[in-house]
$ cat input-v7.txt   # compact mmCIF, C-alpha atoms
# COMPACT_ATOMS: atom_id res chain seq x y z
CA MET Y 127 117.67 204.78 59.54
CA ILE Y 128 119.01 201.20 59.53
CA ALA Y 129 122.59 202.49 59.27
CA PHE Y 130 121.94 204.89 62.14
CA ILE Y 131 120.48 202.09 64.27
CA GLN Y 132 123.44 199.84 63.53
CA TRP Y 133 125.82 202.63 64.49
CA LEU Y 134 123.79 203.37 67.64
CA GLN Y 135 123.81 199.69 68.63
CA SER Y 136 127.58 199.55 68.28
CA THR Y 137 128.25 202.55 70.52
CA PRO Y 138 129.82 201.67 73.87
CA LEU Y 139 126.95 203.42 75.66
CA SER Y 140 124.32 201.26 73.96
CA LEU Y 141 126.39 198.14 74.61
CA SER Y 142 126.70 198.87 78.31
CA VAL Y 143 122.98 199.69 78.63
CA ARG Y 144 122.18 196.28 77.15
CA ARG Y 145 124.79 194.44 79.18
CA ILE Y 146 123.38 195.58 82.54
CA GLY Y 147 120.33 193.33 82.84
CA TRP Y 148 118.38 195.32 85.39
CA LEU Y 149 118.93 198.71 83.78
CA ILE Y 150 116.15 198.51 81.18
CA PRO Y 151 113.39 197.40 83.62
CA MET Y 152 114.57 200.02 86.09
CA MET Y 153 114.47 202.75 83.44
CA GLN Y 154 111.01 201.57 82.36
CA THR Y 155 109.84 201.78 85.98
CA LEU Y 156 111.21 205.32 86.38
CA HIS Y 157 109.68 206.21 83.01
CA ILE Y 158 106.24 205.02 84.17
CA LEU Y 159 106.55 206.78 87.54
CA ALA Y 160 107.58 210.10 85.91
CA ASN Y 161 104.76 209.64 83.42
CA GLY Y 162 102.33 209.34 86.32
CA LEU Y 163 103.62 212.57 87.83
CA VAL Y 164 103.27 214.47 84.53
CA LEU Y 165 99.69 213.24 84.07
CA SER Y 166 98.77 213.92 87.69
CA ALA Y 167 100.27 217.42 87.70
CA ILE Y 168 98.21 218.28 84.61
CA ILE Y 169 95.09 216.69 86.14
CA MET Y 170 95.54 218.70 89.36
CA ILE Y 171 96.07 221.97 87.45
CA ASN Y 172 93.05 221.18 85.27
CA LEU Y 173 90.87 220.50 88.31
CA ARG Y 174 91.54 224.06 89.43
CA VAL Y 175 91.06 225.47 85.91
CA TRP Y 176 87.75 223.59 85.65
CA ARG Y 177 86.85 224.95 89.13
CA ARG Y 178 86.54 221.45 90.54
CA ALA Y 179 89.08 222.09 93.26
CA GLY Y 180 89.14 223.83 96.59
CA ALA Y 181 90.23 227.27 97.68
CA GLU Y 182 93.83 227.26 96.46
CA PRO Y 183 94.29 230.17 93.98
CA LEU Y 184 95.05 228.99 90.45
CA ALA Y 185 98.26 231.03 90.31
CA ASP Y 186 99.54 229.32 93.49
CA ARG Y 187 98.64 225.89 92.20
CA VAL Y 188 100.31 226.47 88.83
CA ARG Y 189 103.45 227.83 90.53
CA ARG Y 190 103.48 224.86 92.91
CA LEU Y 191 102.98 222.12 90.31
CA LEU Y 192 104.93 223.37 87.29
CA PRO Y 193 108.37 222.58 88.78
CA TRP Y 194 107.16 218.99 89.41
CA LEU Y 195 105.85 218.81 85.87
CA TRP Y 196 109.13 220.02 84.30
CA SER Y 197 111.28 217.80 86.55
CA ALA Y 198 109.16 214.75 85.71
CA LEU Y 199 109.44 215.64 82.01
CA GLY Y 200 113.21 215.76 82.45
CA VAL Y 201 113.20 212.27 84.01
CA LEU Y 202 110.92 211.04 81.20
CA THR Y 203 113.34 212.37 78.58
CA VAL Y 204 116.49 210.92 80.18
CA THR Y 205 114.97 207.49 80.88
CA GLY Y 206 113.37 207.51 77.42
CA LEU Y 207 116.74 208.18 75.78
CA VAL Y 208 118.37 205.34 77.74
CA LEU Y 209 115.55 203.01 76.65
CA VAL Y 210 116.08 203.95 73.00
CA LEU Y 211 119.81 203.33 73.46
CA GLY Y 212 119.08 199.94 74.95
CA THR Y 213 116.61 198.85 72.29
CA PRO Y 214 117.19 201.01 69.18
CA ARG Y 215 115.75 198.52 66.72
CA ARG Y 216 112.58 197.90 68.70
CA THR Y 217 111.93 201.60 69.17
CA LEU Y 218 113.20 203.54 66.17
CA LEU Y 219 111.82 201.11 63.58
CA ASP Y 220 108.41 200.84 65.21
CA PRO Y 221 105.72 203.01 63.57
CA THR Y 222 103.88 203.41 66.90
CA PHE Y 223 107.06 204.94 68.29
CA HIS Y 224 107.03 207.54 65.51
CA VAL Y 225 103.40 208.33 66.29
CA LYS Y 226 104.31 208.62 69.95
CA MET Y 227 107.14 211.06 69.22
CA LEU Y 228 104.80 213.16 67.11
CA ILE Y 229 102.05 213.28 69.76
CA MET Y 230 104.68 213.98 72.42
CA ALA Y 231 106.11 216.94 70.49
CA VAL Y 232 102.64 218.46 70.20
CA ALA Y 233 101.95 217.69 73.87
CA ILE Y 234 105.11 219.51 74.98
CA VAL Y 235 104.22 222.57 72.89
CA ALA Y 236 100.68 222.47 74.33
CA THR Y 237 102.04 222.21 77.88
CA VAL Y 238 104.36 225.19 77.41
CA ALA Y 239 101.49 227.17 75.88
CA LEU Y 240 99.12 226.18 78.71
CA ALA Y 241 101.70 227.15 81.32
CA ALA Y 242 102.24 230.55 79.67
CA MET Y 243 98.50 231.10 79.35
CA LEU Y 244 97.77 230.21 82.97
CA ARG Y 245 100.54 232.42 84.26
CA ARG Y 246 99.02 235.30 82.31
CA THR Y 247 95.35 234.70 83.12
CA ALA Y 248 95.83 233.44 86.63
CA PRO Y 249 95.16 236.74 88.49
CA GLU Y 250 91.70 236.98 86.89
CA HIS Y 251 90.78 233.59 88.27
CA VAL Y 252 91.65 234.74 91.75
CA ALA Y 253 89.00 237.46 91.57
CA PRO Y 254 85.77 236.26 93.22
CA GLU Y 255 83.55 237.64 90.40
CA PRO Y 256 85.30 237.10 87.07
CA ALA Y 257 84.59 239.69 84.39
CA SER Y 258 83.21 238.42 81.09
CA ALA Y 259 86.66 238.74 79.53
CA GLY Y 260 87.99 236.63 82.39
CA ARG Y 261 85.31 234.05 81.72
CA MET Y 262 86.33 233.81 78.07
CA THR Y 263 89.96 233.13 78.97
CA GLY Y 264 88.63 230.75 81.62
CA ILE Y 265 86.80 228.71 78.98
CA LEU Y 266 89.84 228.87 76.71
CA ALA Y 267 92.06 227.65 79.55
CA SER Y 268 89.63 224.82 80.35
CA VAL Y 269 89.70 223.60 76.76
CA ALA Y 270 93.48 224.03 76.50
CA GLY Y 271 93.93 222.10 79.74
CA ALA Y 272 91.71 219.25 78.55
CA ALA Y 273 93.50 219.14 75.19
CA THR Y 274 96.91 218.99 76.86
CA LEU Y 275 95.78 216.14 79.12
CA LEU Y 276 94.38 214.22 76.14
CA LEU Y 277 97.64 214.67 74.23
CA TRP Y 278 99.66 213.27 77.13
CA LEU Y 279 97.24 210.37 77.51
CA GLY Y 280 97.69 209.72 73.79
CA ALA Y 281 101.48 209.84 74.01
CA THR Y 282 101.39 207.39 76.94
CA ILE Y 283 99.10 204.94 75.13
CA ALA Y 284 101.05 205.13 71.86
CA GLY Y 285 104.25 204.36 73.70
CA ARG Y 286 103.23 200.97 74.93
CA GLY Y 287 103.17 198.69 71.92
CA ARG Y 288 106.88 198.20 71.41
CA TRP Y 289 107.69 197.37 75.03
CA ILE Y 290 105.72 194.15 74.72
CA ALA Y 291 107.72 193.22 71.64
CA ASN Y 292 110.80 194.03 73.67
CA VAL Y 293 109.77 191.65 76.42
CA ILE Y 294 108.34 188.76 74.45
CA GLY Y 295 110.10 188.92 71.10
CA MET J 259 87.44 169.30 94.97
CA LEU J 260 88.41 172.12 92.63
CA SER J 261 91.99 173.24 93.15
CA ILE J 262 93.37 176.67 92.37
CA THR J 263 95.28 175.20 89.43
CA ASP J 264 92.05 173.78 88.01
CA ALA J 265 90.40 177.18 88.39
CA LEU J 266 93.34 178.90 86.67
CA HIS J 267 93.19 176.41 83.79
CA TRP J 268 89.46 177.02 83.50
CA VAL J 269 90.05 180.80 83.35
CA GLU J 270 92.64 180.31 80.64
CA HIS J 271 90.06 178.73 78.34
CA THR J 272 87.23 181.22 78.78
CA PRO J 273 86.39 183.15 75.58
CA VAL J 274 87.66 186.40 77.12
CA ALA J 275 91.01 184.84 77.93
CA VAL J 276 91.33 183.36 74.47
CA PHE J 277 90.66 186.79 72.96
CA VAL J 278 93.23 188.55 75.17
CA SER J 279 95.96 186.00 74.51
CA HIS J 280 95.32 185.32 70.81
CA SER J 281 94.24 188.61 69.26
CA THR J 282 97.08 190.64 67.80
CA TRP J 283 96.28 193.90 69.60
CA GLY J 284 94.21 192.81 72.64
CA PHE J 285 97.05 192.31 75.08
CA SER J 286 98.98 195.41 73.92
CA ALA J 287 95.93 197.66 74.11
CA LEU J 288 94.99 196.39 77.58
CA LEU J 289 98.55 196.75 78.80
CA SER J 290 98.69 200.34 77.51
CA VAL J 291 95.56 201.27 79.43
CA HIS J 292 96.73 199.29 82.49
CA ILE J 293 100.08 201.11 82.67
CA LEU J 294 98.39 204.45 82.06
CA ALA J 295 95.88 203.83 84.86
CA VAL J 296 98.53 202.61 87.32
CA ALA J 297 100.70 205.64 86.48
CA VAL J 298 97.81 207.99 87.26
CA VAL J 299 97.06 206.14 90.52
CA PHE J 300 100.72 206.50 91.49
CA GLY J 301 100.95 210.18 90.46
CA ILE J 302 97.84 211.35 92.29
CA ILE J 303 98.55 209.29 95.41
CA ALA J 304 102.16 210.55 95.37
CA MET J 305 100.92 214.13 95.57
CA VAL J 306 98.88 213.35 98.67
CA ASP J 307 101.76 211.31 100.13
CA LEU J 308 104.28 214.11 99.56
CA ARG J 309 101.90 216.53 101.31
CA LEU J 310 101.61 214.14 104.28
CA ILE J 311 105.38 213.64 104.47
CA GLY J 312 105.82 217.40 104.33
CA ILE J 313 107.72 217.74 101.07
CA ALA J 314 105.11 219.36 98.83
CA ALA J 315 101.96 221.51 98.97
CA ARG J 316 102.61 222.42 102.59
CA ARG J 317 100.22 225.38 102.46
CA SER J 318 97.30 223.42 101.00
CA ALA J 319 94.73 221.80 103.29
CA VAL J 320 95.13 218.03 103.57
CA THR J 321 91.35 217.54 103.46
CA ALA J 322 91.00 219.59 100.25
CA LEU J 323 93.78 217.62 98.59
CA CYS J 324 92.31 214.27 99.65
CA ARG J 325 88.83 215.28 98.49
CA GLU J 326 90.19 216.25 95.06
CA ALA J 327 92.40 213.21 94.72
CA LEU J 328 89.87 210.57 95.79
CA PRO J 329 87.60 210.33 92.70
CA TRP J 330 90.58 210.30 90.31
CA THR J 331 92.47 207.73 92.35
CA TRP J 332 89.51 205.36 92.60
CA SER J 333 88.51 205.73 88.94
CA ALA J 334 92.06 205.07 87.80
CA PHE J 335 92.36 202.19 90.27
CA ALA J 336 89.12 200.62 89.02
CA LEU J 337 90.39 200.90 85.44
CA SER J 338 93.74 199.37 86.36
CA ALA J 339 92.01 196.52 88.22
CA LEU J 340 89.68 195.78 85.30
CA THR J 341 92.48 195.82 82.70
CA GLY J 342 94.70 193.90 85.12
CA ILE J 343 92.15 191.10 85.52
CA LEU J 344 91.79 190.83 81.73
CA LEU J 345 95.58 190.73 81.28
CA PHE J 346 95.78 188.04 83.97
CA THR J 347 93.38 185.79 82.06
CA ALA J 348 95.88 185.56 79.17
CA GLN J 349 98.30 183.36 81.17
CA PRO J 350 96.77 182.77 84.60
CA VAL J 351 98.91 179.77 85.58
CA LYS J 352 102.16 181.54 84.74
CA TYR J 353 101.20 184.78 86.43
CA TRP J 354 100.07 182.92 89.54
CA GLY J 355 103.52 181.34 89.87
CA ASN J 356 105.43 184.50 88.95
CA ASP J 357 107.56 185.74 91.89
CA ALA J 358 107.41 189.39 90.86
CA PHE J 359 103.65 189.14 90.38
CA GLN J 360 103.25 187.68 93.88
CA MET J 361 105.39 190.47 95.35
CA LYS J 362 103.34 193.08 93.52
CA PHE J 363 100.15 191.85 95.13
CA ALA J 364 101.69 191.38 98.57
CA ILE J 365 102.75 195.03 98.43
CA LEU J 366 99.37 196.09 97.06
CA ALA J 367 97.80 194.42 100.11
CA LEU J 368 100.22 196.33 102.34
CA ALA J 369 99.30 199.60 100.61
CA GLY J 370 95.62 198.82 101.13
CA LEU J 371 96.10 198.02 104.79
CA ASN J 372 98.14 201.19 105.25
CA MET J 373 95.35 203.22 103.63
CA LEU J 374 92.71 201.60 105.87
CA VAL J 375 94.68 202.39 109.03
CA PHE J 376 95.22 205.95 107.85
CA GLN J 377 91.56 206.51 106.93
CA LEU J 378 90.03 204.85 109.99
CA ILE J 379 92.43 206.06 112.68
CA THR J 380 94.87 208.82 111.72
CA TYR J 381 92.58 210.80 109.40
CA ARG J 382 89.93 211.16 112.14
CA GLY J 383 91.99 213.84 113.83
CA VAL J 384 92.75 215.67 110.57
CA ALA J 385 91.02 218.86 111.78
CA ARG J 386 93.95 219.44 114.15
CA TRP J 387 96.61 219.30 111.42
CA ASP J 388 94.67 220.10 108.25
CA ARG J 389 96.86 223.11 107.43
CA ASP J 390 99.64 225.31 108.81
CA THR J 391 100.56 222.55 111.29
CA ALA J 392 102.98 219.68 111.01
CA VAL J 393 101.34 216.36 110.14
CA PRO J 394 101.65 213.92 113.09
CA TRP J 395 104.16 211.09 112.72
CA ALA J 396 101.44 208.53 112.03
CA GLY J 397 100.33 210.56 109.01
CA ARG J 398 103.88 211.04 107.75
CA LEU J 399 104.58 207.34 108.15
CA ALA J 400 101.38 206.49 106.23
CA GLY J 401 102.51 208.82 103.44
CA ALA J 402 105.99 207.29 103.30
CA ILE J 403 104.68 203.69 103.32
CA SER J 404 102.17 204.53 100.60
CA LEU J 405 104.75 206.25 98.37
CA ALA J 406 107.28 203.42 98.76
CA SER J 407 104.55 200.79 98.15
CA TRP J 408 103.37 202.35 94.91
CA ILE J 409 106.90 202.71 93.56
CA ALA J 410 107.47 199.03 94.37
CA ILE J 411 104.12 198.04 92.80
CA VAL J 412 105.12 199.68 89.51
CA ALA J 413 108.63 198.16 89.68
CA TYR J 414 107.37 194.61 90.38
CA GLY J 415 104.66 195.05 87.77
CA ARG J 416 107.33 195.80 85.18
CA TRP J 417 109.56 193.01 86.48
CA THR J 418 106.67 190.55 86.14
CA ALA J 419 106.94 190.75 82.35
CA TYR J 420 110.62 189.77 82.44
CA LEU J 421 109.84 186.58 84.37
CA MET J 422 107.14 185.44 81.94
CA ILE J 423 109.53 184.18 79.27

$ encode --input "input-v7.txt" --output "structure tokens"
Amino acid sequence: MIAFIQWLQSTPLSLSVRRIGWLIPMMQTLHILANGLVLSAIIMINLRVWRRAGAEPLADRVRRLLPWLWSALGVLTVTGLVLVLGTPRRTLLDPTFHVKMLIMAVAIVATVALAAMLRRTAPEHVAPEPASAGRMTGILASVAGAATLLLWLGATIAGRGRWIANVIG
Amino acid sequence: MLSITDALHWVEHTPVAVFVSHSTWGFSALLSVHILAVAVVFGIIAMVDLRLIGIAARRSAVTALCREALPWTWSAFALSALTGILLFTAQPVKYWGNDAFQMKFAILALAGLNMLVFQLITYRGVARWDRDTAVPWAGRLAGAISLASWIAIVAYGRWTAYLMI
């Protein structure tokens, strides 16, 4: 890992990321903003799954918010990669970063699974009187939605520790 | 006469402040929750703002969206304010004199004022443009100011840390 970090630090890309003083704070800002959009998109979808939201059919809401979710995830990934390039030692050697990567991997799988599940079960939610089978998938979706949100909250929290080291240390 | 500097010095020596600044994990943990809460405030408000501007959710009712967003926005805002106050106690004098920190709160005040104007004046006529109609310019402007303010609040919040060294 050390050898990899030393190689990464010596790449021209890493050097230029570190040379441009405002790039890291700007990437962190974009990272936080995209993070907010991911969390909010999942919260808004969950509100509908939990039947805490208005008249918009679940299928419509999922179709409307998923593109935002995936785009924000794309921004998170790109800005995250630049941040690792800029501070390889502070990120790759930090155990909390490893935990974050792990939680994030599970969170992405959960999000894909939730999206697939909602696309499949969505029509049943539109029906005014859900059948008992529909209710079962409804409960399943509620739990899956809550779990996905918790995973993303966990990934966000786990990601913070090293940035402070980056700023102060 | 107690000056602001005296008050800030007093804050710095309260037990809470000593804990936040001296414990190994206190500041990090609070900052994690603070960033998380601010990110959620931004994300949820952005969704309402984008609806007002006319970029997203054009077929959803503005009132329904606002009703849904409100409890989450205020809960997340309360959490960010609480964690923010605790973080502030760690180095009150330095934060007070931090240019980025001052900008952050000037813009937060602007965002608050913008929200007040929107709620008290523009939103009163929401029935006329709740759905299937273009939002009036005052509503679009409120959405744009709010979105820009929150992006700037996050940016200056992050920049604050770089000026603390």

$ residues_near_point --input "input-v7.txt" --point "(99.0, 226.3, 82.0)" --cutoff "12 Å" --atoms "only C-alpha atoms" --output "MDAnalysis selection string"
chainID Y and resid 167:175 184:192 195 234:248 263:264 266:275

$ residues_around --input "input-v7.txt" --residues "Val225 in chain Y" --least-positions-apart "5" --cutoff "9 Å" --atoms "only C-alpha atoms" --output "mmCIF file with C-alpha atoms, in the frame of the given file"
data_model
loop_
_atom_site.group_PDB
_atom_site.id
_atom_site.type_symbol
_atom_site.label_atom_id
_atom_site.label_comp_id
_atom_site.auth_asym_id
_atom_site.auth_seq_id
_atom_site.Cartn_x
_atom_site.Cartn_y
_atom_site.Cartn_z
ATOM 1 C CA MET Y 230 104.680 213.980 72.420
ATOM 2 C CA ALA Y 281 101.480 209.840 74.010
ATOM 3 C CA ALA Y 284 101.050 205.130 71.860
ATOM 4 C CA GLY Y 285 104.250 204.360 73.700
#

$ atom_distance --input "input-v7.txt" --atom1 "CA of Phe223 in chain Y" --atom2 "CA of Pro151 in chain Y"
18.2 Å

$ atom_distance --input "input-v7.txt" --atom1 "CA of Leu310 in chain J" --atom2 "CA of Ala400 in chain J"
7.9 Å

$ residues_around --input "input-v7.txt" --residues "Leu308 in chain J" --least-positions-apart "2" --cutoff "12 Å" --atoms "all atoms listed in the file" --output "MDAnalysis selection string"
(chainID Y and resid 163 194) or (chainID J and resid 300:306 310:316 318 320 323:324 393 397:406)

$ closest_residue --input "input-v7.txt" --among "J:Ala396, J:Ile262, J:Gly342, J:Leu366" --to "Ile379 in chain J" --atoms "all atoms listed in the file"
J:Ala396

$ closest_residue --input "input-v7.txt" --among "Y:Ser166, Y:Ser142, Y:Ser136, Y:Thr205" --to "chain J" --atoms "only C-alpha atoms"
Y:Ser166

$ residues_around --input "input-v7.txt" --residues "Ile343 in chain J" --least-positions-apart "6" --cutoff "10 Å" --atoms "all atoms listed in the file" --output "ChimeraX atom specification"
/J:275,288,292,337,350

$ write_last_selection --input "input-v7.txt" --atoms "C-alpha atoms" --output "compact mmCIF listing (two decimals), keeping the file's coordinate frame"
# COMPACT_ATOMS: atom_id res chain seq x y z
CA ALA J 275 91.01 184.84 77.93
CA LEU J 288 94.99 196.39 77.58
CA HIS J 292 96.73 199.29 82.49
CA LEU J 337 90.39 200.90 85.44
CA PRO J 350 96.77 182.77 84.60

$ interface_residues --input "input-v7.txt" --of "chain J" --to "chain Y" --cutoff "7 Å" --atoms "only C-alpha atoms" --output "mmCIF file with C-alpha atoms, in the frame of the given file"
data_model
loop_
_atom_site.group_PDB
_atom_site.id
_atom_site.type_symbol
_atom_site.label_atom_id
_atom_site.label_comp_id
_atom_site.auth_asym_id
_atom_site.auth_seq_id
_atom_site.Cartn_x
_atom_site.Cartn_y
_atom_site.Cartn_z
ATOM 1 C CA SER J 286 98.980 195.410 73.920
ATOM 2 C CA SER J 290 98.690 200.340 77.510
ATOM 3 C CA VAL J 291 95.560 201.270 79.430
ATOM 4 C CA LEU J 294 98.390 204.450 82.060
ATOM 5 C CA ALA J 297 100.700 205.640 86.480
ATOM 6 C CA VAL J 298 97.810 207.990 87.260
ATOM 7 C CA PHE J 300 100.720 206.500 91.490
ATOM 8 C CA GLY J 301 100.950 210.180 90.460
ATOM 9 C CA ILE J 302 97.840 211.350 92.290
ATOM 10 C CA SER J 318 97.300 223.420 101.000
ATOM 11 C CA ALA J 322 91.000 219.590 100.250
ATOM 12 C CA GLU J 326 90.190 216.250 95.060
ATOM 13 C CA VAL J 412 105.120 199.680 89.510
ATOM 14 C CA ALA J 413 108.630 198.160 89.680
ATOM 15 C CA ARG J 416 107.330 195.800 85.180
ATOM 16 C CA TRP J 417 109.560 193.010 86.480
ATOM 17 C CA ALA J 419 106.940 190.750 82.350
ATOM 18 C CA TYR J 420 110.620 189.770 82.440
ATOM 19 C CA ILE J 423 109.530 184.180 79.270
#

$ atom_distance --input "input-v7.txt" --atom1 "CA of Asp307 in chain J" --atom2 "CA of Thr380 in chain J"
13.7 Å

$ axis_aligned_box --input "input-v7.txt" --around "range 135-154 of chain Y" --padding-each-side "6 Å" --output "JSON"
{"center_x": 120.4, "center_y": 198.4, "center_z": 77.2, "size_x": 30.8, "size_y": 22.1, "size_z": 29.8}

$ closest_residue --input "input-v7.txt" --among "J:Ala410, J:Ala348, J:Gly415, J:Leu371" --to "Thr272 in chain J" --atoms "all atoms listed in the file"
J:Ala348

$ closest_residue --input "input-v7.txt" --among "J:Val299, J:Ala369, J:Ala392, J:Val375" --to "Ser338 in chain J" --atoms "all atoms listed in the file"
J:Val299

$ residues_near_point --input "input-v7.txt" --point "(115.2, 198.0, 64.2)" --cutoff "10 Å" --atoms "only C-alpha atoms" --output "PyMOL selection string"
chain Y and resi 127-132+135+213-220

$ closest_residue --input "input-v7.txt" --among "J:Met361, J:Thr282, J:Thr321, J:Glu270" --to "Arg386 in chain J" --atoms "all atoms listed in the file"
J:Thr321
